Each structure stands twice: as C-alpha cells, then as structure tokens.
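Here the structure is laid out as structure tokens; the discussion comes afterwards.
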Amino acid sequence: MMAASRIELLGAREERAARQAAALHRFGKPLLSITIVMPGPVKDGQLSRSLMELALRDVDRLIKVRDWRVFSREVLWRESGPEAIYSVDVDPWVLKPSVIDLEDHHAIGRLWDLDVIAPGGAAVSRRSVGKPPRTCLLCNRPAHECGRSRRHPLPDLLKAIRKIVHAATCTLVADHAYEALVSELMLTPKPGLVDRRNSGAHRDMNLDTFMTSAQVISKYLPRFVQGGYEAPNVAARDFLALARPIGVLCEQEMFEATQGVNTHKGAIFALGLLCSASGRLVRSGIELTRDRICSEVANICVGLVERELDDTILARTAGERAFRSYGVGGARGAAASGYWTVRSVALPVHDRLRKTGIRQEMALMESLLHLLAVNADTNLISRGGLAGLEYVRAYARRLLLGGGVLATDVLTKMAAFDDELIARNLSPGGSADLLIVTAFLAKFSNIDRATDE
C-alpha cells in the first residue's frame with residue numbers, strides 16, 4: 001500500500017472529528033471511536049485491517065454482552081488507516097473502563113485506540129477513570145513519550161506488532177473452529193443426527209456425549225494451529241505427517257472421554273486440516289480467506305485419496321469401504337478437493353441468506369439441506385447403501401423445492417425428515433462434518449487485500 005502523507009493524515013483526523021461532531025449532534029449519545037496503532041507512514045493494509053476486524057469483533061461482543069443500545073455503527077477503510085465510530089446509549093464513564101479492559105487485557109488490545117467521547121464533545125481520558133497511561137510496545141515507558149521521540153526503530157515496532165497479531169489470529173482461528181463445532185451440534189432439528197431434539201439414528205450417543213467430545217477437541221484446536229504456524233517452510237504435501245500425531249492424540253482422548261464412542265472423528269480430521277492450514281498461512285504473512293485456507297488444505301492433501309484408499313489396503317472405515325465399492329472419496333476426497341462442495345454449494349447459500357437478514361441457525365439449516373441434496377455421504381452409504389443415499393438426497397431436494405427454510409412450516413418438515421431417517425437408521429454424518437466446515441469458513445471472507453509491504 002502507498003504511504004499516507006502528513007497532510008493526508010491531518011486531513012483524515014479533521015474529517016474524523018467532523019464525523020464525530022455530526023454523530024454527537026444527531027444522537028446526543030457517547031461515542032466510541034476505534035483507530036489502530038500503526039507506526040510509520042503506511043496506515044492501510046492487511047495488518048491494520050486485520051487489527052480493525054479483530055477490534056470490531058470484540059467491541060460488538062462487549063456491546064452484546066452488556067446489552068447496550070447502538071444508534072449508529074460506521075466503519076471506514078481509508079488510506080489513512082481503518083476507523084470506526086459507534087454511538088452507544090451508555091454512560092461514558094461506564095463505557096470508558098469497559099474499553100480500557102479490552103485495551104489492557106485482550107491479546108491484541110495494545111494495538112487498538114478505543115477513545116470515548118462524552119455527549120458534550122470532551123474525550124474521557126484514562127486518568128479520569130483512575131487508569132494509568134498506556135506503555136510502549138517495546139519498553140515500559142509511557143507510549144506517548146516513545147512515540148513523540150521516535151525512540152524505537154520502525155522495523156522493530158512493526159515486528160512487535162506482527163508478533164502480537166499472529167498470536168491473536170491463531171487464537172481466533174481455534175475459537176472459530178470450536179464455535180463451528182458447537183454450532184453444528186446445537187442446530188435443531190437435524191435429520192438423523194444428534195441435536196437438542198433427540199439422538200438421531202444413534203443409540204450410543206447423545207447431546208451430552210457430543211458436548212464432552214467437543215470440550216476435548218477444544219484443547220487440541222490451538223495445537224493444530226500452532227503446528228501449522230511452526231512449520232511454514234515444510235512442503236505442503238509433507239506437512240500431513242507432522243499434523244497427524246496431534247490428530248491421533250485428539251482422537252484417543254475423544255474415545256476415552258466418550259467411552260469408545262466415535263462422535264467427532266471426521267470433524268477432528270477436517271478442523272485439524274483447516275486449523276493447520278490457517279496456521280501455515282498466518283506464519284507466512286498471508287491473509288486468511290476461504291479460498292486460501294482451502295487451497296492450502298488441498299495442497300496438504302495432494303494424492304491422499306490414492307495413497308490411503310488403494311485397493312491393496314484393508315478397508316476399515318465406512319469411508320474406505322465406500323471408496324472400495326463405489327469410488328466415493330469421503331472425508332479424504334473432500335479435503336483433497338479443498339472442500340469444493342462446501343465452497344460451491346453450502347457457502348453461497350449461507351451467504352445469500354445472511355445478507356437478507358436470515359439468522360445464522362436458519363442459514364446453516366438451509367446449507368445442510370443443500371449438502372444433503374448433493375453430497376455422496378459415506379455414512380449414509382455405509383448404513384443404507386446407494387438406495388439410502390438417494391432417499392436422503394431426494395427428500396432434501398423436495399424440501400428445497402418446497403421453500404427450504406423460508407417455508408413457514410420448515411421446522412415441522414425438518415422434524416418429520418428426522419423421524420424418517422431415524423426409522424431407516426440413516427445418519428448423514430459426512431454432511432454434518434461438511435456443515436462444520438461451512439460454519440468455520442463462513443467466519444472468513446474472500447476479499448483479497450494488499451499487504452503492508
């Protein structure tokens with residue numbers, strides 16, 4: 001990105017002050033202004049935009065938890081750096097300590113400037129609420145002193161910022177993976193699958209079994225990300241051998257916690273790859289987008305189907321037997337394709353519904369119906385053969401033709417679908433794993449942005 005001149009930066013500051021004054025006049029409520037700590041002349045780019053997206057995520061979460069009313073929320077992506085302004089219905093001396101907690105205790109909060117402006121136009125300072133000034137990124141002196149004197153070389157400051165961003169991004173990836181795992185589980189009703197309604201076509205597991213399993217997996221998701229982060233220079237096709245031991249340990253602990261029940265083996269495989277791929281990209285300074293993450297997964301899994309589903313190897317799992325009998329690649333094939341079905345079918349459906357204001361749960365339910373309509377689910381093939389697979393596909397297509405989640409009686413129809421699959425002992429576990437992948441990838445955009453270099 002191009003450097004912003006001093007005149008441009010001063011102009012941007014004046015424009016921001018004018019927008020703040022307009023918001024104060026219009027709403028008469030305290031303002032929260034968000035800007036990014038970015039030394040040097042380059043203020044806009046991948047690094048600063050990633051910082052802003054993380055700030056927006058956590059400020060939005062804070063506002064939701066505190067149940068504060070927001071009158072306006074404006075986000076601007078400018079060459080002078082990203083900025084945001086919220087008009088919030090809360091006492092400014094309550095708002096300021098809350099955002100200071102984010103600045104001081106969040107892993108990446110040191111890189112945010114969260115300023116609070118009272119309705120009269122005066123800024124609420126840290127000192128006014130009994131908080132000390134912020135310290136420098138590289139030493140314990142007050143930040144404003146080091147900034148004014150330019151005490152530290154710019155490359156050292158940018159290196160420290162990237163280190164903080166990388167650590168926070170890796171944590172965020174693991175959080176997204178766990179949220180995706182739980183989102184799929186709690187989605188109700190789901191045909192033939194464990195949810196809050198029942199145990200689906202399963203007699204050895206229930207919601208509690210899955211939650212126990214998810215808690216185990218949550219401990220390993222950061223390890224997958226870290227494993228990828230620590231091996232950016234290992235060739236993609238050689239990386240799988242490094243990630244597999246983490247997956248094996250995760251599976252073993254899952255089986256111990258569930259007393260031998262296979263709740264999430266497929267999800268461990270998928271999320272392990274997605275998290276590992278994300279870690280590799282973060283370490284290489286590559287912005288995380290859906291296509292980049294999936295492309296890295298595909299690179300890691302090049303030749304995986306041919307190597308591991310060869311007909312000279314004993315078929316032990318449902319996926320291996322399905323490949324042997326019908327040529328269906330299952331979880332390995334989905335990963336080797338870079339989760340093409342998710343990207344070409346499920347995510348477009350999800351995004352379209354979300355843009356129209358449909359809530360997340362219903363967008364995921366519609367995505368699941370589309371996956372069921374097209375996915376060659378090896379779990380269904382294992383339980384019901386090709387006839388069972390086609391029954392589920394045809395049923396899902398009928399529901400979609402009837403309006404899908406936009407039908408007024410969709411929950412009743414989905415419950416009936418669930419009952420039918422339970423009666424036939426059919427459980428589309430492979431599609432459930434792809435729905436988890438969908439929920440994970442939905443957290444990322446495919447908007448390519450320039451780097452800071």
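Every chain in the structure tokens takes a letter, A first, then B, and so on in the order presented; its residues are numbered from 1, and the ligands are numbered from 1 following the presented order.
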
### Message
What parts of region 97-253 of chain A does DSSP call strand (DSSP E or B)? I'd like the answer as a ChimeraX atom specification.
### Response
/A:112-117,123-124,135,142

Fewer than 2 positions away in the same chain doesn't count, so skip those; otherwise give me all residues within 6 Å of region 359-376 of chain A, counting only C-alpha atoms, as a PDB file with C-alpha atoms, in the first residue's frame.
ATOM      1  CA  ALA A 346     -23.137 -24.583   1.020  1.00  0.00           C
ATOM      2  CA  VAL A 349     -26.454 -20.476   0.169  1.00  0.00           C
ATOM      3  CA  HIS A 350     -25.345 -19.431   3.643  1.00  0.00           C
ATOM      4  CA  LEU A 353     -29.488 -15.902   3.357  1.00  0.00           C
ATOM      5  CA  ARG A 393     -30.883 -36.714  -1.444  1.00  0.00           C
ATOM      6  CA  ALA A 396     -33.719 -32.900   0.794  1.00  0.00           C
ATOM      7  CA  ARG A 397     -34.441 -31.788  -2.769  1.00  0.00           C
ATOM      8  CA  VAL A 405     -36.049 -22.712   5.489  1.00  0.00           C
TER       9      VAL A 405
END

Proximity of region 159-187 of chain A to region 90-109 of chain A: per-residue shortest pair, 8 Å limit, only C-alpha atoms, as CSV:
residue,atom,partner,partner_atom,distance
A:Ile164,CA,A:Ile108,CA,6.1
A:Val165,CA,A:Ile108,CA,6.5
A:Ala167,CA,A:Ala107,CA,7.8
A:Ala168,CA,A:Ala107,CA,6.0

#### Entry: Atomic distance CA of Ala84 (chain A) - CA of Pro30 (chain A), expressed in Å with one decimal
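We find that CA of Ala84 (chain A) and CA of Pro30 (chain A) lie 13.8 Å from each other.
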
Kindly assemble as JSON lines a list of the region 49-146 of chain A residues that lie within 8 Å of region 155-162 of chain A, each paired with its nearest atom pair and their distance in Å to one decimal, using only C-alpha atoms, sorted first by chain and then by ascending residue number.
{"residue": "A:Leu111", "atom": "CA", "partner": "A:Ile161", "partner_atom": "CA", "distance": 7.4}
{"residue": "A:Leu137", "atom": "CA", "partner": "A:Ala160", "partner_atom": "CA", "distance": 7.2}
{"residue": "A:Leu138", "atom": "CA", "partner": "A:Leu157", "partner_atom": "CA", "distance": 7.3}

### Message
Please determine, counting only C-alpha atoms, which residue among A:Ala432, A:Leu185, A:Val234, A:Ile217 has the shortest atom-to-atom distance to Thr258 (chain A).
### Response
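Residue with the minimum atom-to-atom distance to Thr258 (chain A): A:Ile217.
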
### Query
Can you list every residue in region 219-280 of chain A that DSSP puts in alpha helix (DSSP H), as a VMD selection string?
chain A and resid 219 to 229 236 to 257 265 to 280

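By only C-alpha atoms, and with residues fewer than 5 positions from Leu411 (chain A) along its chain excluded, the set lying at most 9 Å from it is Thr188, Pro189, Val405 and Ala416 of chain A.
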
Go ahead and dump the residues you just picked, C-alpha atoms, as a PDB file, in the first residue's frame.
ATOM      1  CA  THR A 188     -32.090 -28.423  15.664  1.00  0.00           C
ATOM      2  CA  PRO A 189     -33.796 -30.331  14.155  1.00  0.00           C
ATOM      3  CA  VAL A 405     -36.049 -22.712   5.489  1.00  0.00           C
ATOM      4  CA  ALA A 416     -40.515 -35.220  10.025  1.00  0.00           C
TER       5      ALA A 416
END

### Residues within 8 Å of Ala331 (chain A), only C-alpha atoms, excluding chain neighbours under 6 positions, as a PyMOL selection string
chain A and resi 266+269-270+319+430

Just-selected residues, N, CA and C atoms written as an mmCIF file, in the first residue's frame:
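Printed below is selection_34.cif as written:
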data_model
loop_
_atom_site.group_PDB
_atom_site.id
_atom_site.type_symbol
_atom_site.label_atom_id
_atom_site.label_comp_id
_atom_site.auth_asym_id
_atom_site.auth_seq_id
_atom_site.Cartn_x
_atom_site.Cartn_y
_atom_site.Cartn_z
ATOM 1 N N GLY A 266 -14.503 -37.534 12.150
ATOM 2 C CA GLY A 266 -14.475 -36.790 10.896
ATOM 3 C C GLY A 266 -14.241 -35.311 11.111
ATOM 4 N N PHE A 269 -10.588 -34.580 11.821
ATOM 5 C CA PHE A 269 -9.817 -34.595 10.568
ATOM 6 C C PHE A 269 -9.988 -33.269 9.825
ATOM 7 N N ALA A 270 -11.224 -32.817 9.662
ATOM 8 C CA ALA A 270 -11.490 -31.601 8.892
ATOM 9 C C ALA A 270 -10.960 -30.354 9.594
ATOM 10 N N GLY A 319 -15.815 -44.853 5.228
ATOM 11 C CA GLY A 319 -15.330 -44.123 4.066
ATOM 12 C C GLY A 319 -14.474 -44.985 3.170
ATOM 13 N N GLY A 430 -21.336 -37.561 7.376
ATOM 14 C CA GLY A 430 -20.400 -36.875 6.497
ATOM 15 C C GLY A 430 -20.865 -35.475 6.146
#
